[in-house]
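What follows is a set of notes on a single structure, which appears directly below.
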Amino acid sequence: MKKKSIELLSPAKNLETGIAAINHGADAVYIGYNQFGAREAAGNELLDIEKLVSYAHLFHVKVYVTINTIIFENEITAAEKLIHKLYQIGADAIIIQDMGILEMDLPPIPIHASTQANNVDAKKVKFLEDIGIQRVILARELSVDEISSISKGTKIELEAFVHGALCVSYSGQCYFSQAITGRSANRGACAQPCRSSYDLVDEDGNVIVKSKHLLSLRDNNQTENIEALIDAGISSFKIEGRLKDLDYVKNITAHYRKILDSIIERRNDLKKSSSGKTKILFEPDPERTFNRGYTSYFAKGRIKNQSSFNTQKSVGKQLGNVNEVGENWFSLKTDEAIINGDGLCFFDKNDILTGIKVNRVEEERIFPLKMNGVYKNATVFRNFDKAFNQKLNSTTSIRQVECEIITKIDESQCHLSLTDEDGIETNLSVPYDFTKAKNPDAVSENIKNQLSKSGDSFLLVSNVSVEFQTADIPFFAISQINGWRRELFSLHEKARLKNHFRAEVKIVPNTIPYPENILDYKANIANPLAEKFYKRHGVEKMDKAFELKSNFSGEQLMVTRYCILHELGYCDGNRKNQLAGKKLFLRDNNRSYPLVFDCKKCQMKVLFPSTSK
């Protein structure tokens with residue numbers, strides 16, 4: 001039976017976080033160059049990407065590079081040159097949104113369709129498969145059942161986000177930031193207006209909700225759904241976070257590594273997609289890392305408590321409730337140890353998130369630097385865990401490829417053969433000057449001891465055998481044996497890099513019909529090559545990208561599966577409630593944005609105000 005390969009895909013803000021992700025169990029990492037990545041603030045130089053590729057390939061870990069912004073006409077040549085350079089330095093795939101890239105003269109590098117390409121249904125996914133795309137990154141809004149349905153209609157690799165920040169809009173379909181700041185989400189420069197606070201008002205100006213973060217979602221956490229997603233057809237499990245820090249990448253990667261390993265270990269139909277054994281030296285806990293509270297989103301259908309109305313900031317891990325308040329202290333019902341330097345927070349009586357820093361702890365009493373209005377029964381969270389952070393700043397994992405060494409010694413040479421867990425073999429023969437050992441019994445043991453020392457190498461020697469093909473046992477200095485080991489390891493490093501399998505796929509243009517023949521600005525067509533692509537696939541009429549527009553009056557800024565009315569408890573599926581028939585708006589300090597509720601599709605749309613009289 002052919003086993004299904006399962007991949008844990010982690011974010012790399014830079015070289016350091018990419019290496020940390022690999023060391024904590026990632027089977028693949030994704031990283032951005034200084035241009036064309038959908039996180040403008042997470043760009044890297046080619047040299048750093050090349051270094052990451054070299055380190056990753058030691059473990060047969062793959063490196064994917066994001067080229068997932070829309071591309072303007074004057075950038076086509078630069079983007080094409082970049083893709084060739086990425087291929088030359090060994091990148092395993094590129095992640096794209098702009099279909100104009102497929103009209104370029106590309107090297108044979110696999111292409112993944114970014115979630116920015118709005119991959120929400122079986123027809124779109126099948127089209128992408130038929131034109132030569134190797135993998136589709138699905139919309140975050142899809143349920144396990146919907147993913148299963150898509151999987152049954154295609155053979156393409158499917159990737160799903162399982163952790164991290166959630167965009168409230170369908171990815172690639174949000175124009176809010178571009179409209180109000182000129183910073184395009186599709187260009188990697190989102191100003192995140194979804195995290196701002198708004199009033200919800202009706203057409204008569206009545207305030208239904210005052211100054212809340214009505215579009216700010218909790219963070220994605222699919223811990224409980226990983227095996228269901230495997231069975232639904234997902235092969236790559238993606239952690240969001242190319243802007244997140246090192247601690248987040250270590251903690252969350254280790255968390256999902258342990259989950260996937262436990263599933264793979266008890267199932268004979270699955271296998272890990274990279275090599276090496278990862279030893280995690282701490283207990284991962286997603287609640288101790290930046291989070292706005294967690295949601296499984298739509299994995300099991302529509303649920304409440306998807307948003308964090310009261311704050312867009314991290315709340316961290318819930319500790320318990322205040323049971324007593326003194327003049328400059330309070331006590332807390334919690335099983336967690338709290339120490340000097342911890343950062344705590346709570347929602348005050350006006351539902352405003354308020355922070356306090358622990359100055360000292362005496363038995364059950366906590367003395368903060370300032371009380372900041374903490375009150376009895378307040379629910380307290382820890383959004384900075386000093387002890388946990390200190391742990392993450394130390395060595396928190398070891399990843400090594402297991403191997404065995406066979407040593408055969410004749411009268412003039414030492415022959416060493418190293419074979420690793422993937423069956424890759426390296427041979428080394430070293431001449432030596434024969435000197436008879438004074439203590440023959442110790443020679444074999446010395447060789448075994450020294451060749452077994454892996455240190456901080458990527459190799460873990462599990463066994464060393466020694467065979468003497470001489471009448472007398474020769475003497476070897478410890479430094480001599482160590483030299484053999486260093487040379488053998490160095491040769492094997494080169495052998496593993498040479499043996500890393502990188503798929504080569506050449507896109508061959510075809511005329512498979514696109515699922516739609518009329519496209520508006522939400523197709524994000526920003527260059528002539530994209531126009532050429534869609535025309536070749538049968539699109540008869542198309543609009544230019546929102547970023548090329550100057551008038552946004554009445555245009556759709558975002559479409560969401562998340563619904564404010566449902567979240568507030570006003571939705572029964574048909575809007576038969578006290579808000580039925582009323583036009584509703586999100587209002588900030590500058591504008592009122594009309595809301596449109598498509599109950600048939602169970603979607604909400606946010607529009608730019610119309611300037612028409």
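Each chain in the structure tokens gets a letter, A, B, ..., in the order shown, and its residues are numbered from 1; ligands are numbered from 1 in order too.
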
Spatial neighbours of segment 531-537 of chain A, 6 Å, only C-alpha atoms, chain gap at least 6 places, as a ChimeraX atom specification: /A:511-514

All residues 8 Å or closer to Ile101 of chain A, only C-alpha atoms, same chain fewer than 3 positions away omitted, as a ChimeraX atom specification: /A:80,96,98,104,529-530

Selected residue of minimal separation from Asn34 of chain A among A:Ile507, A:Val53, A:Ala78, A:Ala20, counting only C-alpha atoms: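 Between A:Ile507, A:Val53, A:Ala78, A:Ala20, the residue approaching Asn34 of chain A most closely is A:Ala78.
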
Test item, strand (DSSP E or B) assignment across segment 202-238 of chain A, answer as number ranges by chain: A: 202, 207-212, 217, 219-221, 236-238

Now that the selection is made, can you save its residues with C-alpha atoms as a PDB file, in the first residue's frame?
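Generated file (again.pdb):
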ATOM      1  CA  ASP A 202     -28.949  51.316  10.994  1.00  0.00           C
ATOM      2  CA  VAL A 207     -26.399  52.662  17.144  1.00  0.00           C
ATOM      3  CA  ILE A 208     -26.797  48.922  17.577  1.00  0.00           C
ATOM      4  CA  VAL A 209     -23.208  48.278  18.692  1.00  0.00           C
ATOM      5  CA  LYS A 210     -20.817  51.021  19.777  1.00  0.00           C
ATOM      6  CA  SER A 211     -17.074  51.040  19.086  1.00  0.00           C
ATOM      7  CA  LYS A 212     -16.301  47.327  18.811  1.00  0.00           C
ATOM      8  CA  LEU A 217     -11.585  37.451  14.111  1.00  0.00           C
ATOM      9  CA  ASP A 219      -7.102  33.121  15.567  1.00  0.00           C
ATOM     10  CA  ASN A 220      -7.383  29.840  13.720  1.00  0.00           C
ATOM     11  CA  ASN A 221      -6.681  26.652  15.673  1.00  0.00           C
ATOM     12  CA  SER A 236      -0.056  19.901   3.705  1.00  0.00           C
ATOM     13  CA  PHE A 237      -0.871  21.563   7.034  1.00  0.00           C
ATOM     14  CA  LYS A 238       0.041  25.225   6.978  1.00  0.00           C
TER      15      LYS A 238
END

Excluding Gly172 of chain A and residues on its chain fewer than 3 positions from it, collect all residues at most 7 Å away from it, counting only C-alpha atoms, and give them as a compact mmCIF listing (two decimals) with C-alpha atoms, in the first residue's frame.
# COMPACT_ATOMS: atom_id res chain seq x y z
CA GLN A 116 -5.04 34.62 -2.53
CA ALA A 117 -6.25 33.03 -5.78
CA ASN A 118 -9.65 32.47 -4.10
CA ASN A 186 -3.09 41.97 -2.87

Option closest in space to Glu425 of chain A, from A:Thr396, A:Asn499, A:Ser452, A:Ser235 [counting only C-alpha atoms]: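 Selected residue with least distance to Glu425 of chain A: A:Asn499.
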